[in-house]
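So this one's final_0.csv, CSV, C-alpha atoms:
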```
chain,number,residue,atom,x,y,z
K,1,ILE,CA,-37.2,17.1,52.6
K,2,GLY,CA,-38.4,20.5,51.3
K,3,LEU,CA,-37.5,19.4,47.7
K,4,VAL,CA,-39.5,16.2,48.0
K,5,GLY,CA,-42.4,18.2,49.2
K,6,ALA,CA,-42.0,20.7,46.4
K,7,TYR,CA,-42.4,17.9,43.8
K,8,ALA,CA,-45.3,16.3,45.7
K,9,VAL,CA,-47.4,19.5,46.2
K,10,PRO,CA,-48.7,19.8,42.6
K,11,MET,CA,-49.7,16.2,42.5
K,12,LEU,CA,-51.5,16.4,45.8
K,13,LEU,CA,-53.4,19.5,44.7
K,14,SER,CA,-54.1,18.3,41.2
K,15,ASP,CA,-57.8,18.3,40.1
K,16,GLY,CA,-57.2,15.6,37.5
K,17,ARG,CA,-57.7,17.9,34.5
K,18,GLY,CA,-54.3,17.0,33.1
K,19,LYS,CA,-52.7,20.4,32.8
K,20,ILE,CA,-49.2,18.8,32.4
K,21,GLU,CA,-47.7,22.0,30.9
K,22,ILE,CA,-48.3,23.8,34.2
K,23,MET,CA,-46.7,20.9,36.2
K,24,PHE,CA,-43.7,20.9,33.9
K,25,SER,CA,-43.3,24.7,34.1
K,26,TYR,CA,-43.4,24.4,37.9
K,27,MET,CA,-40.7,21.7,37.7
K,28,VAL,CA,-38.5,23.9,35.5
K,29,ILE,CA,-38.7,26.6,38.1
K,30,ILE,CA,-37.7,24.2,40.9
K,31,ASN,CA,-34.8,22.8,38.8
K,32,ILE,CA,-33.5,26.3,37.9
K,33,GLY,CA,-33.3,27.0,41.6
K,34,ILE,CA,-31.3,23.9,42.1
K,35,LEU,CA,-29.1,24.9,39.1
K,36,VAL,CA,-28.4,28.3,40.8
K,37,LEU,CA,-27.4,26.4,44.0
K,38,SER,CA,-25.2,24.1,42.1
K,39,PHE,CA,-22.9,27.0,41.2
K,40,LYS,CA,-22.2,27.5,44.9
K,41,LYS,CA,-22.7,24.2,46.6
K,42,TYR,CA,-22.0,20.6,45.7
K,43,TRP,CA,-25.0,18.9,47.2
K,44,GLN,CA,-25.1,15.5,45.7
K,45,VAL,CA,-28.3,14.4,47.5
K,46,LEU,CA,-30.1,17.5,46.2
K,47,ASN,CA,-29.1,16.8,42.6
K,48,HIS,CA,-29.9,13.1,42.9
K,49,ILE,CA,-33.4,13.8,44.2
K,50,ALA,CA,-34.2,16.5,41.6
K,51,PHE,CA,-32.8,14.3,38.8
K,52,GLY,CA,-34.8,11.2,39.9
K,53,CYS,CA,-38.0,13.0,40.7
K,54,THR,CA,-38.1,15.0,37.4
K,55,TRP,CA,-37.5,12.1,35.0
K,56,LEU,CA,-39.8,9.8,37.0
K,57,ILE,CA,-42.6,12.3,36.7
K,58,VAL,CA,-41.9,12.8,33.0
K,59,ALA,CA,-41.8,9.0,32.5
K,60,THR,CA,-45.1,8.4,34.4
K,61,TRP,CA,-46.9,11.0,32.4
K,62,PHE,CA,-45.3,10.0,29.0
K,63,PHE,CA,-46.2,6.3,29.3
K,64,SER,CA,-49.8,7.0,30.4
K,65,LYS,CA,-50.9,10.2,28.8
K,66,TYR,CA,-48.6,11.1,25.9
K,67,ASN,CA,-50.3,11.7,22.5
K,68,TYR,CA,-47.9,12.7,19.7
K,69,GLU,CA,-50.6,14.7,17.8
K,70,VAL,CA,-51.1,17.0,20.8
K,71,HIS,CA,-48.0,16.8,23.0
K,72,ALA,CA,-45.0,16.4,20.7
K,73,THR,CA,-43.8,20.0,20.7
K,74,MET,CA,-44.4,20.5,24.4
K,75,MET,CA,-42.7,17.2,25.2
K,76,MET,CA,-39.6,18.1,23.3
K,77,ILE,CA,-39.3,21.6,24.7
K,78,PHE,CA,-39.6,20.6,28.4
K,79,SER,CA,-37.5,17.5,28.1
K,80,LEU,CA,-34.8,19.6,26.4
K,81,LEU,CA,-35.0,22.2,29.3
K,82,PHE,CA,-34.7,19.4,31.9
K,83,PHE,CA,-31.8,17.9,30.1
K,84,LEU,CA,-29.9,21.1,29.8
K,85,ILE,CA,-30.5,22.1,33.4
K,86,PHE,CA,-29.2,18.8,34.8
K,87,TYR,CA,-26.4,18.8,32.3
K,88,ILE,CA,-25.1,22.2,33.5
K,89,SER,CA,-25.9,21.6,37.2
K,90,ASN,CA,-23.9,18.4,37.0
K,91,MET,CA,-20.8,20.2,35.6
K,92,SER,CA,-21.0,23.7,37.0
K,93,TYR,CA,-19.5,23.3,40.5
K,94,LYS,CA,-16.8,20.9,39.3
K,95,ILE,CA,-15.8,23.4,36.5
K,96,LEU,CA,-15.8,26.4,38.8
K,97,LYS,CA,-13.8,24.6,41.5
K,98,HIS,CA,-11.5,22.8,39.0
K,99,GLU,CA,-12.4,19.5,40.5
K,100,GLN,CA,-12.2,16.1,38.8
K,101,PHE,CA,-15.3,14.2,38.0
K,102,GLY,CA,-16.2,11.1,40.1
K,103,VAL,CA,-17.9,7.9,39.1
K,104,THR,CA,-21.3,9.3,40.3
K,105,ASP,CA,-20.9,12.4,38.3
K,106,ILE,CA,-20.2,10.4,35.1
K,107,ILE,CA,-23.1,8.1,35.7
K,108,ARG,CA,-25.5,11.0,36.1
K,109,LEU,CA,-24.1,12.8,33.1
K,110,VAL,CA,-24.4,9.7,30.8
K,111,SER,CA,-27.8,8.8,32.3
K,112,ASN,CA,-29.2,12.2,31.7
K,113,SER,CA,-28.0,12.2,28.1
K,114,PHE,CA,-29.6,8.8,27.2
K,115,ILE,CA,-32.8,9.4,29.2
K,116,PHE,CA,-33.3,12.6,27.2
K,117,PHE,CA,-32.5,10.9,24.0
K,118,GLY,CA,-34.9,8.0,24.9
K,119,PHE,CA,-37.8,10.3,25.5
K,120,GLY,CA,-37.1,12.4,22.4
K,121,TYR,CA,-36.8,9.3,20.2
K,122,ALA,CA,-40.0,7.8,21.6
K,123,ALA,CA,-41.8,11.1,21.1
K,124,LEU,CA,-40.7,11.5,17.5
K,125,ASN,CA,-41.0,7.8,16.5
K,126,ASN,CA,-44.3,8.1,14.7
K,127,SER,CA,-45.6,8.7,11.2
K,128,PHE,CA,-45.6,12.5,11.6
K,129,TYR,CA,-42.1,13.1,12.9
K,130,LYS,CA,-40.1,10.0,12.0
K,131,ASP,CA,-38.1,11.9,9.3
K,132,TYR,CA,-36.7,14.1,12.1
K,133,LEU,CA,-35.2,11.2,14.2
K,134,GLY,CA,-31.8,11.4,12.5
K,135,LEU,CA,-31.6,15.2,12.9
K,136,PHE,CA,-32.7,14.9,16.6
K,137,THR,CA,-29.9,12.3,17.2
K,138,LEU,CA,-27.4,14.5,15.5
K,139,CYS,CA,-28.4,17.5,17.6
K,140,ASN,CA,-27.7,15.4,20.7
K,141,ALA,CA,-24.1,14.9,19.4
K,142,ILE,CA,-23.8,18.6,18.7
K,143,VAL,CA,-24.8,19.5,22.3
K,144,HIS,CA,-22.0,17.3,23.7
K,145,LEU,CA,-19.6,18.6,21.1
K,146,VAL,CA,-20.3,22.2,22.3
K,147,PHE,CA,-19.6,21.3,25.9
K,148,SER,CA,-16.5,19.3,25.0
K,149,PHE,CA,-15.2,22.4,23.1
K,150,ILE,CA,-15.8,24.6,26.2
K,151,VAL,CA,-14.0,22.2,28.4
K,152,PHE,CA,-11.1,21.8,26.0
K,153,ARG,CA,-10.8,25.5,25.1
K,154,ASN,CA,-10.7,26.7,28.7
K,155,LYS,CA,-8.7,23.7,30.0
K,156,LEU,CA,-11.3,23.5,32.8
K,157,LEU,CA,-10.9,19.8,33.8
K,158,ASP,CA,-8.7,16.9,33.2
K,159,ARG,CA,-8.8,15.2,29.8
K,160,LYS,CA,-11.0,12.3,31.0
K,161,LEU,CA,-14.1,14.5,31.0
K,162,PHE,CA,-13.1,15.8,27.5
K,163,TYR,CA,-12.8,12.2,26.3
K,164,LEU,CA,-16.1,11.3,27.9
K,165,LEU,CA,-17.9,14.1,26.1
K,166,ILE,CA,-16.2,13.2,22.8
K,167,ALA,CA,-17.3,9.6,23.4
K,168,LEU,CA,-20.9,10.8,23.8
K,169,VAL,CA,-20.6,12.8,20.6
K,170,LEU,CA,-19.4,9.7,18.8
K,171,SER,CA,-22.1,7.5,20.4
K,172,PHE,CA,-24.9,9.8,19.1
K,173,ILE,CA,-23.3,10.1,15.7
K,174,THR,CA,-23.1,6.3,15.6
K,175,ILE,CA,-26.8,6.0,16.5
K,176,ALA,CA,-27.8,8.7,14.0
K,177,VAL,CA,-26.3,6.6,11.1
K,178,PRO,CA,-28.7,3.6,11.3
K,179,VAL,CA,-31.6,5.9,12.3
K,180,GLN,CA,-31.2,8.0,9.1
K,181,LEU,CA,-29.3,5.6,6.7
K,182,GLU,CA,-29.7,2.0,5.7
K,183,GLY,CA,-27.8,-1.0,4.7
K,184,ASN,CA,-24.2,-0.9,3.7
K,185,TRP,CA,-23.7,2.7,4.7
K,186,VAL,CA,-24.2,1.7,8.4
K,187,THR,CA,-21.7,-1.1,8.2
K,188,LEU,CA,-19.1,1.1,6.4
K,189,PHE,CA,-19.5,3.9,9.0
K,190,TRP,CA,-19.2,1.6,12.0
K,191,ALA,CA,-16.2,-0.1,10.6
K,192,THR,CA,-14.5,3.3,10.0
K,193,GLU,CA,-15.4,4.5,13.5
K,194,ALA,CA,-14.0,1.3,15.0
K,195,VAL,CA,-10.6,1.8,13.4
K,196,LEU,CA,-10.5,5.5,14.4
K,197,LEU,CA,-11.5,4.9,18.0
K,198,PHE,CA,-9.1,2.0,18.4
K,199,SER,CA,-6.2,3.8,16.9
K,200,ILE,CA,-6.7,7.0,18.9
K,201,GLY,CA,-7.1,5.0,22.1
K,202,ARG,CA,-4.0,2.9,21.5
K,203,TYR,CA,-1.7,5.7,20.4
K,204,LYS,CA,-3.0,8.3,22.9
K,205,ALA,CA,-3.2,5.8,25.7
K,206,VAL,CA,-6.9,6.5,26.2
K,207,ARG,CA,-8.2,3.0,27.0
K,208,PHE,CA,-11.8,4.0,27.0
K,209,TYR,CA,-11.6,4.9,23.4
K,210,GLU,CA,-9.8,1.7,22.6
K,211,TRP,CA,-12.5,-0.4,24.3
K,212,LEU,CA,-15.2,1.6,22.4
K,213,GLY,CA,-13.3,0.5,19.2
K,214,TYR,CA,-13.9,-3.1,20.2
K,215,ILE,CA,-17.6,-2.5,20.6
K,216,MET,CA,-17.9,-0.6,17.3
K,217,VAL,CA,-16.1,-3.4,15.4
K,218,LEU,CA,-18.7,-5.9,16.8
K,219,PHE,CA,-21.5,-3.5,15.6
K,220,ALA,CA,-19.9,-3.5,12.2
K,221,VAL,CA,-19.7,-7.3,12.0
K,222,PHE,CA,-23.3,-7.7,13.1
K,223,SER,CA,-24.4,-5.1,10.6
K,224,LEU,CA,-22.4,-6.9,7.8
K,225,TRP,CA,-24.1,-10.1,8.8
K,226,GLU,CA,-27.4,-8.4,8.4
K,227,ASP,CA,-26.4,-7.2,5.0
K,228,TRP,CA,-25.4,-10.7,3.9
K,229,GLY,CA,-28.8,-12.0,5.1
K,230,LYS,CA,-30.6,-9.6,2.8
K,231,ILE,CA,-28.8,-10.8,-0.3
K,232,TYR,CA,-26.7,-14.0,0.0
K,233,TYR,CA,-28.9,-15.9,2.5
K,234,SER,CA,-32.3,-14.9,1.0
K,235,TYR,CA,-32.0,-17.1,-2.0
K,236,GLY,CA,-34.3,-19.7,-0.5
K,237,TYR,CA,-37.3,-17.4,-0.5
K,238,ASN,CA,-36.3,-14.9,-3.2
K,239,MET,CA,-35.3,-16.8,-6.3
K,240,ASP,CA,-34.8,-13.7,-8.5
K,241,ILE,CA,-32.4,-11.9,-6.2
K,242,TYR,CA,-29.2,-12.9,-8.0
K,243,LYS,CA,-30.5,-11.5,-11.3
K,244,TYR,CA,-29.7,-8.1,-9.8
K,245,LEU,CA,-26.3,-9.0,-8.4
K,246,ILE,CA,-23.1,-9.0,-10.4
K,247,PRO,CA,-20.8,-11.5,-8.7
K,248,PHE,CA,-17.4,-10.1,-7.7
K,249,ALA,CA,-18.5,-6.6,-8.6
K,250,ASN,CA,-21.1,-5.4,-6.1
K,251,ILE,CA,-21.4,-3.2,-3.1
K,252,TYR,CA,-21.7,-6.2,-0.8
K,253,LEU,CA,-18.3,-7.5,-1.7
K,254,PHE,CA,-16.8,-4.0,-1.3
K,255,THR,CA,-18.4,-3.7,2.1
K,256,SER,CA,-17.2,-7.1,3.2
K,257,LEU,CA,-13.6,-6.3,2.1
K,258,PHE,CA,-13.8,-2.9,3.8
K,259,VAL,CA,-14.7,-4.6,7.1
K,260,VAL,CA,-11.9,-7.1,6.6
K,261,GLY,CA,-9.5,-4.1,6.0
K,262,ALA,CA,-10.8,-2.4,9.1
K,263,ILE,CA,-10.2,-5.4,11.3
K,264,GLY,CA,-6.8,-6.0,9.7
K,265,THR,CA,-5.8,-2.4,10.5
K,266,MET,CA,-6.8,-2.8,14.1
K,267,ILE,CA,-4.7,-6.0,14.4
K,268,PHE,CA,-1.8,-4.1,12.8
K,269,VAL,CA,-2.1,-1.2,15.2
K,270,HIS,CA,-2.3,-3.6,18.2
K,271,TYR,CA,1.1,-5.2,17.3
K,272,LYS,CA,2.6,-1.9,16.0
K,273,LYS,CA,1.8,0.0,19.2
K,274,SER,CA,2.1,-2.8,21.8
K,275,ILE,CA,0.9,-2.6,25.4
K,276,THR,CA,2.9,-3.4,28.5
K,277,GLU,CA,2.8,-6.7,30.3
K,278,GLU,CA,1.2,-5.0,33.3
K,279,GLU,CA,-1.7,-3.7,31.2
K,280,ARG,CA,-2.0,-7.1,29.5
K,281,LYS,CA,-2.4,-8.8,32.9
K,282,THR,CA,-4.6,-6.1,34.4
K,283,PHE,CA,-7.2,-5.9,31.6
K,284,GLY,CA,-8.4,-9.1,30.0
K,285,VAL,CA,-10.1,-7.1,27.2
K,286,TYR,CA,-6.8,-7.0,25.3
K,287,LYS,CA,-7.2,-10.6,24.6
K,288,VAL,CA,-9.9,-9.5,22.2
K,289,ALA,CA,-7.3,-7.9,19.9
K,290,GLU,CA,-5.1,-11.0,20.1
K,291,TYR,CA,-7.6,-13.8,19.7
K,292,VAL,CA,-11.0,-12.6,18.7
K,293,LEU,CA,-10.0,-10.1,16.0
K,294,PRO,CA,-7.9,-12.6,14.1
K,295,VAL,CA,-10.8,-15.1,14.2
K,296,LEU,CA,-13.2,-12.5,12.9
K,297,LEU,CA,-10.7,-11.5,10.2
K,298,PHE,CA,-10.4,-15.1,8.9
K,299,THR,CA,-14.1,-15.8,9.2
K,300,ILE,CA,-15.3,-12.7,7.4
K,301,PHE,CA,-12.6,-13.0,4.7
K,302,TYR,CA,-13.5,-16.7,4.1
K,303,SER,CA,-17.2,-15.9,4.1
K,304,THR,CA,-16.8,-13.0,1.7
K,305,PHE,CA,-15.5,-15.1,-1.1
K,306,SER,CA,-17.6,-18.1,-0.2
K,307,ASN,CA,-20.7,-15.9,-0.5
K,308,GLU,CA,-19.6,-14.6,-3.9
K,309,LEU,CA,-18.8,-18.0,-5.3
K,310,SER,CA,-22.1,-19.3,-4.0
K,311,ALA,CA,-23.9,-16.3,-5.7
K,312,TYR,CA,-22.0,-16.9,-9.0
K,313,CYS,CA,-22.9,-20.7,-9.0
K,314,LYS,CA,-26.5,-20.1,-8.2
K,315,LEU,CA,-26.8,-17.4,-10.9
K,316,LYS,CA,-25.2,-19.7,-13.5
K,317,TYR,CA,-27.4,-22.6,-12.4
K,318,ASP,CA,-30.6,-20.5,-12.8
K,319,GLN,CA,-29.4,-19.4,-16.3
K,320,TRP,CA,-28.7,-23.0,-17.3
K,321,MET,CA,-32.0,-24.2,-16.1
K,322,ILE,CA,-33.8,-21.5,-18.0
K,323,ASN,CA,-32.0,-22.5,-21.2
K,324,VAL,CA,-32.6,-26.3,-21.0
K,325,PRO,CA,-34.2,-27.3,-24.4
K,326,SER,CA,-36.8,-29.6,-23.1
K,327,LYS,CA,-40.6,-29.8,-22.9
K,328,GLU,CA,-40.5,-32.0,-19.8
K,329,VAL,CA,-42.0,-30.5,-16.7
K,330,TRP,CA,-39.1,-31.6,-14.6
K,331,ALA,CA,-36.7,-29.4,-16.7
K,332,GLU,CA,-38.6,-26.2,-15.9
K,333,PRO,CA,-37.0,-23.8,-13.4
K,334,GLY,CA,-38.6,-24.3,-10.0
K,335,ALA,CA,-40.5,-27.5,-11.0
K,336,VAL,CA,-40.9,-30.2,-8.3
```
Rewrite the coordinates I just gave you, this time as structure tokens.
Amino acid sequence: IGLVGAYAVPMLLSDGRGKIEIMFSYMVIINIGILVLSFKKYWQVLNHIAFGCTWLIVATWFFSKYNYEVHATMMMIFSLLFFLIFYISNMSYKILKHEQFGVTDIIRLVSNSFIFFGFGYAALNNSFYKDYLGLFTLCNAIVHLVFSFIVFRNKLLDRKLFYLLIALVLSFITIAVPVQLEGNWVTLFWATEAVLLFSIGRYKAVRFYEWLGYIMVLFAVFSLWEDWGKIYYSYGYNMDIYKYLIPFANIYLFTSLFVVGAIGTMIFVHYKKSITEEERKTFGVYKVAEYVLPVLLFTIFYSTFSNELSAYCKLKYDQWMINVPSKEVWAEPGAV
């Protein structure tokens, strides 16, 4: 009750002048007090109220008053402080008491991470700061990497927390790639990550990693489809695109074959390191490896060479039409 009142007092006494930095500083002090308590007591309700109130106030102000020309630096500083305070308070008691994380702890940890990233991304996604989005995303991954190293080095908790933190590291690195890079590099990275996550998950019996591998391979396939759309399927409205494409010797063919190889590797690992019948019956997700992945493999392999043959034929057709020795209008390229 006192905590709710502590958050309500500044708003009740506000004169409407918009001194948000004072409000945020006040909230930092409150949350630091909760952080100190979290080293001694595991009061879930206290943490939930502080977490919800803080980010709700930040969201209310951000979506109504935020101006990137004025508030960008202040927004990043305070949101980082809130993120770190809740990150540490969520882990401190469990680490000191060597207790395992529960579902609620994991949800709050993951929510805190992506809420901070969401506000940071929104704050920087403008013409002034857009170039820093990739660096910001990578810094998120580094923060989780530091905490995962602390947990691993000191053997503070069971390996599930370590794997969760590493998963967050991989998630933000995955997000950083399309934020900073474009085109085929995104597809290549996601396909590589899919193989690594799936292989580690299967050989180390970390099912969460394996399931992340399934998600990443779908990301890679959708990214590849987008790459195809930019070159193979754009012929209808960009007649000259094949003049800059060498059939059977281009980055799009290499990317497609790389994805095919990644999916093939995942299928090989699935049968090389088989799962038990009990796991097969318990988790229906394993049907993805047995049915969905082979279908994707065949479809992408077929489409890869179909696209290249189509590109070659269209290129030759255009060259032939250009060289037709006729003065008739109908023989001109593009004539109706």
Counting all atoms listed in the file, what is within 12 Å of Tyr163 of chain K, bar same-chain residues fewer than 2 positions away, as an MDAnalysis selection string? chainID K and resid 106 144:145 147:149 151:152 157:161 165:171 197 200:201 204:210 212
May I ask for the distance between atom CA of Leu124 of chain K and atom CA of Ser79 of chain K, given in Å to one decimal place?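 One can read the atom CA of Leu124 of chain K to atom CA of Ser79 of chain K distance as 12.6 Å.
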Pick from K:Tyr312, K:Phe82, K:Tyr87, K:Phe39 nearest to Phe24 of chain K, counting all atoms listed in the file: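 With all atoms listed in the file as the atom set, the closest residue is K:Phe82.
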Shell of 12 Å around Ile88 of chain K, only C-alpha atoms, local chain residues under 6 positions omitted, as an mmCIF file with C-alpha atoms, in the coordinates of the input:
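Resulting contents of out29.cif:
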```cif
data_model
loop_
_atom_site.group_PDB
_atom_site.id
_atom_site.type_symbol
_atom_site.label_atom_id
_atom_site.label_comp_id
_atom_site.auth_asym_id
_atom_site.auth_seq_id
_atom_site.Cartn_x
_atom_site.Cartn_y
_atom_site.Cartn_z
ATOM 1 C CA ASN K 31 -34.800 22.800 38.800
ATOM 2 C CA ILE K 32 -33.500 26.300 37.900
ATOM 3 C CA ILE K 34 -31.300 23.900 42.100
ATOM 4 C CA LEU K 35 -29.100 24.900 39.100
ATOM 5 C CA VAL K 36 -28.400 28.300 40.800
ATOM 6 C CA LEU K 37 -27.400 26.400 44.000
ATOM 7 C CA SER K 38 -25.200 24.100 42.100
ATOM 8 C CA PHE K 39 -22.900 27.000 41.200
ATOM 9 C CA ASN K 47 -29.100 16.800 42.600
ATOM 10 C CA LEU K 81 -35.000 22.200 29.300
ATOM 11 C CA PHE K 82 -34.700 19.400 31.900
ATOM 12 C CA LYS K 94 -16.800 20.900 39.300
ATOM 13 C CA ILE K 95 -15.800 23.400 36.500
ATOM 14 C CA LEU K 96 -15.800 26.400 38.800
ATOM 15 C CA ASP K 105 -20.900 12.400 38.300
ATOM 16 C CA ARG K 108 -25.500 11.000 36.100
ATOM 17 C CA LEU K 109 -24.100 12.800 33.100
ATOM 18 C CA ASN K 112 -29.200 12.200 31.700
ATOM 19 C CA SER K 113 -28.000 12.200 28.100
ATOM 20 C CA VAL K 143 -24.800 19.500 22.300
ATOM 21 C CA HIS K 144 -22.000 17.300 23.700
ATOM 22 C CA PHE K 147 -19.600 21.300 25.900
#
```
When you count all atoms listed in the file, which of these residues is closest to Tyr26 of chain K: K:Phe78, K:Trp320, K:Phe114, K:Phe222? K:Phe78
So, with all atoms listed in the file as the atoms that count, which of K:Phe62, K:Phe198, K:Tyr129, K:Phe136 lies closest to Leu80 of chain K?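 Smallest distance to Leu80 of chain K is found for K:Phe136.
Going from atom CA of Val177 of chain K to atom CA of Ala289 of chain K covers 25.5 Å.
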To one decimal place in Å, what is the distance between atom CA of Thr187 of chain K and atom CA of Leu224 of chain K? 5.9 Å
Pick out the closest residue to Thr174 of chain K from this set: K:Ile231, K:Val295, K:Met76, K:Ala194. Count all atoms listed in the file.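 Residue with the minimum atom-to-atom distance to Thr174 of chain K: K:Ala194.
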Give the answer as one residue: which of K:Tyr252, K:Phe172, K:Phe268, K:Tyr286 has the shortest atom-to-atom distance to Gly118 of chain K, using only C-alpha atoms? K:Phe172
Between K:Leu164, K:Met74, K:Leu135, K:Ala59, single out the one closest to Phe101 of chain K, counting only C-alpha atoms.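 Of the candidates, the smallest distance to Phe101 of chain K is held by K:Leu164.
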Please determine the residues with any atom at most 8 Å from (-14.2, -10.3, 4.3) (coordinates as given in the file, with all atoms listed in the file counting) and report them as a PyMOL selection string. chain K and resi 253+256-261+297-305
Would you compute an axis-aligned box for segment 136-141 of chain K, covering every atom listed for it in the file with 4 Å of margin on each side, and report centre and edge lengths in Å to one decimal as AutoDock Vina command-line options?
```
--center_x -28.4 --center_y 14.9 --center_z 18.1 --size_x 16.6 --size_y 13.2 --size_z 13.2
```
